[in-house]
Amino acid sequence: MPDPSHHDRVTNTSGAVGSVGDGERKHVVIVGASLAGLRSAEALRAHGFVGRLTIVGDEGSAPYDRPPLSKQYLSGAWGEEKLWLRARGFDELNLDLQLNVRAESLDVASLALSTSTGDIAFDGLVIATGARPRRLPEPLDHGDHAVVRTKAHSDELRDKLRDGAKVVVIGAGFIGAEVAATARCRGCEVTILEAAPLPLERQLGPDMAGVCAGLHERNGVTLHTGVTIVATTAKSVTLADGRSFAADVVVVGVGVQPNIEWLQGSGLTLGNGIECDETCRAAPSIVAVGDVACWPNARYDERARVEHWTNAAEMAEHGAATLLADLNGTPEAALSYMPVPYFWSDQYATKIQFLGRVGGFDEVRVVAGAADSGKLLALYRRGDRVVGALGLSMPRHVMAYRRLLLENASWREALASVPVAKAPGA
Amino acid sequence: MRVYVDESICQGHTLCAMAAPELFDLREDDGHAYVSVTEFTAELMAAGRRAASTCPEQAIVVED
């Protein structure tokens, strides 16, 4: 049944905020110069904000895109020119982009931000400080283990992924799996060590997680699951059962943690990231967006942080609209952010795409293709509703379900929309 | 006035088809996008600009 309270992203972030009022005198500061921060700036301007706009980011590089860092950029197929998020430059955004500047503290009551180069007063604030790689717990953590989050990380790791190199990847989540696939394509001998019995189980449910785990073996990468690591060096990993793996490089991909430490004592509510309301608001005239933000998505009755590229982009647009509503003195005009999340992961020759949320699903059904064919479309049911669609190398079919997921369509309706399979070879 | 997808850049992430299904279709095999219309109304141009801003690869070209 269509949800009458649903607003499409486009209508959500335009029109509702009305005129910008005395916006020309106001100053909005965006903390974080990656995708969510940049998209926030673009959205503020697109919605008519004409005041001062400042972005501060702690990296030295102009805003760049992170997904290729574990894929095409890591493999060497792409040069850095394909990473820039605004190849056309920043002039039309009319903003002050301050790179190599780290936000150090915030005082919500006085609307003051302290940075490594001084204090900045603001009328509105967007927090988009993202996340950083989680490290192994002491004493397993080792400074020579590679992680992949920044361009510098990817550059450093690429040099080590030489033909024939032994690579041990700790963690079989998306980053670990993508690094493993890239390393394998560069001719490395790759072993993945995963603590969970099944990687990606939380994201995909057990059946489909099993299908994805099978991609590694099919592509010549060894996956050991359910392992406990008891010791590491720069070039080796030892398990509780006594097995030891020598490596030319050890890569750690055990998830990320939100960058919120600088907000201790700020007055914001911190928990699993920055705890926001349903409109992305962390406090009056302060929004948080992207990997760092946790909000209740009414569509799925869940409060979550979503670490997907598309969420950084969409939430930034939504947060900008909420911030403008606050700056206009009409906070009640801010709308609930209730996206259908989307992520993709390119592993080996397989394009994994997922729309929706898995949490609390009752059934997953393969409705086209088959696990052993490398192509598959699966739908997830919760109650009598379709809540997710997973595709392995069936991109066109996955997208066909977006409208139904936006409409909170029934399971029956979703099954009735299953594409007619083409004859083999067609 | 037209919108097109630079096929040498597109990676098949299909966000354009999510943002503007009335303008883009996807190839069955790799999900690479193409523009499915030949007449570009003002509405479709606006949809094209919106889609261009969602493309991770910046593969969508909008010529006003």
# chains A, B, ... in the order shown; residues from 1 in each chain; ligands from 1
call {"tool": "residues_around", "arguments": {"residues": "Ser154 of chain A", "least_positions_apart": "5", "cutoff": "8 Å", "atoms": "only C-alpha atoms", "output": "PyMOL selection string"}}
result
chain A and resi 69-70+73-74+148-149
call {"tool": "closest_atom_pairs", "arguments": {"of": "chain A", "to": "chain B", "cutoff": "7 Å", "atoms": "only C-alpha atoms", "output": "JSON lines"}}
result
{"residue": "A:Ser393", "atom": "CA", "partner": "B:Asp30", "partner_atom": "CA", "distance": 7.0}
{"residue": "A:Pro395", "atom": "CA", "partner": "B:Gly31", "partner_atom": "CA", "distance": 4.9}
{"residue": "A:Arg396", "atom": "CA", "partner": "B:Leu26", "partner_atom": "CA", "distance": 5.6}
{"residue": "A:Met399", "atom": "CA", "partner": "B:Met18", "partner_atom": "CA", "distance": 6.7}
call {"tool": "residues_around", "arguments": {"residues": "segment 203-209 of chain A", "least_positions_apart": "3", "cutoff": "9 Å", "atoms": "only C-alpha atoms", "output": "PyMOL selection string"}}
result
chain A and resi 198-200+212-214+354+357-359+361+364+371+378+390
call {"tool": "residues_around", "arguments": {"residues": "His153 of chain A", "least_positions_apart": "4", "cutoff": "12 Å", "atoms": "only C-alpha atoms", "output": "PyMOL selection string"}}
result
chain A and resi 66+69-70+73-74+132-133+144-149+157-160+179+251-252
call {"tool": "closest_residue", "arguments": {"among": "B:Cys16, B:Met45, B:Ala51, B:Leu23", "to": "Glu63 of chain B", "atoms": "only C-alpha atoms"}}
result
B:Met45
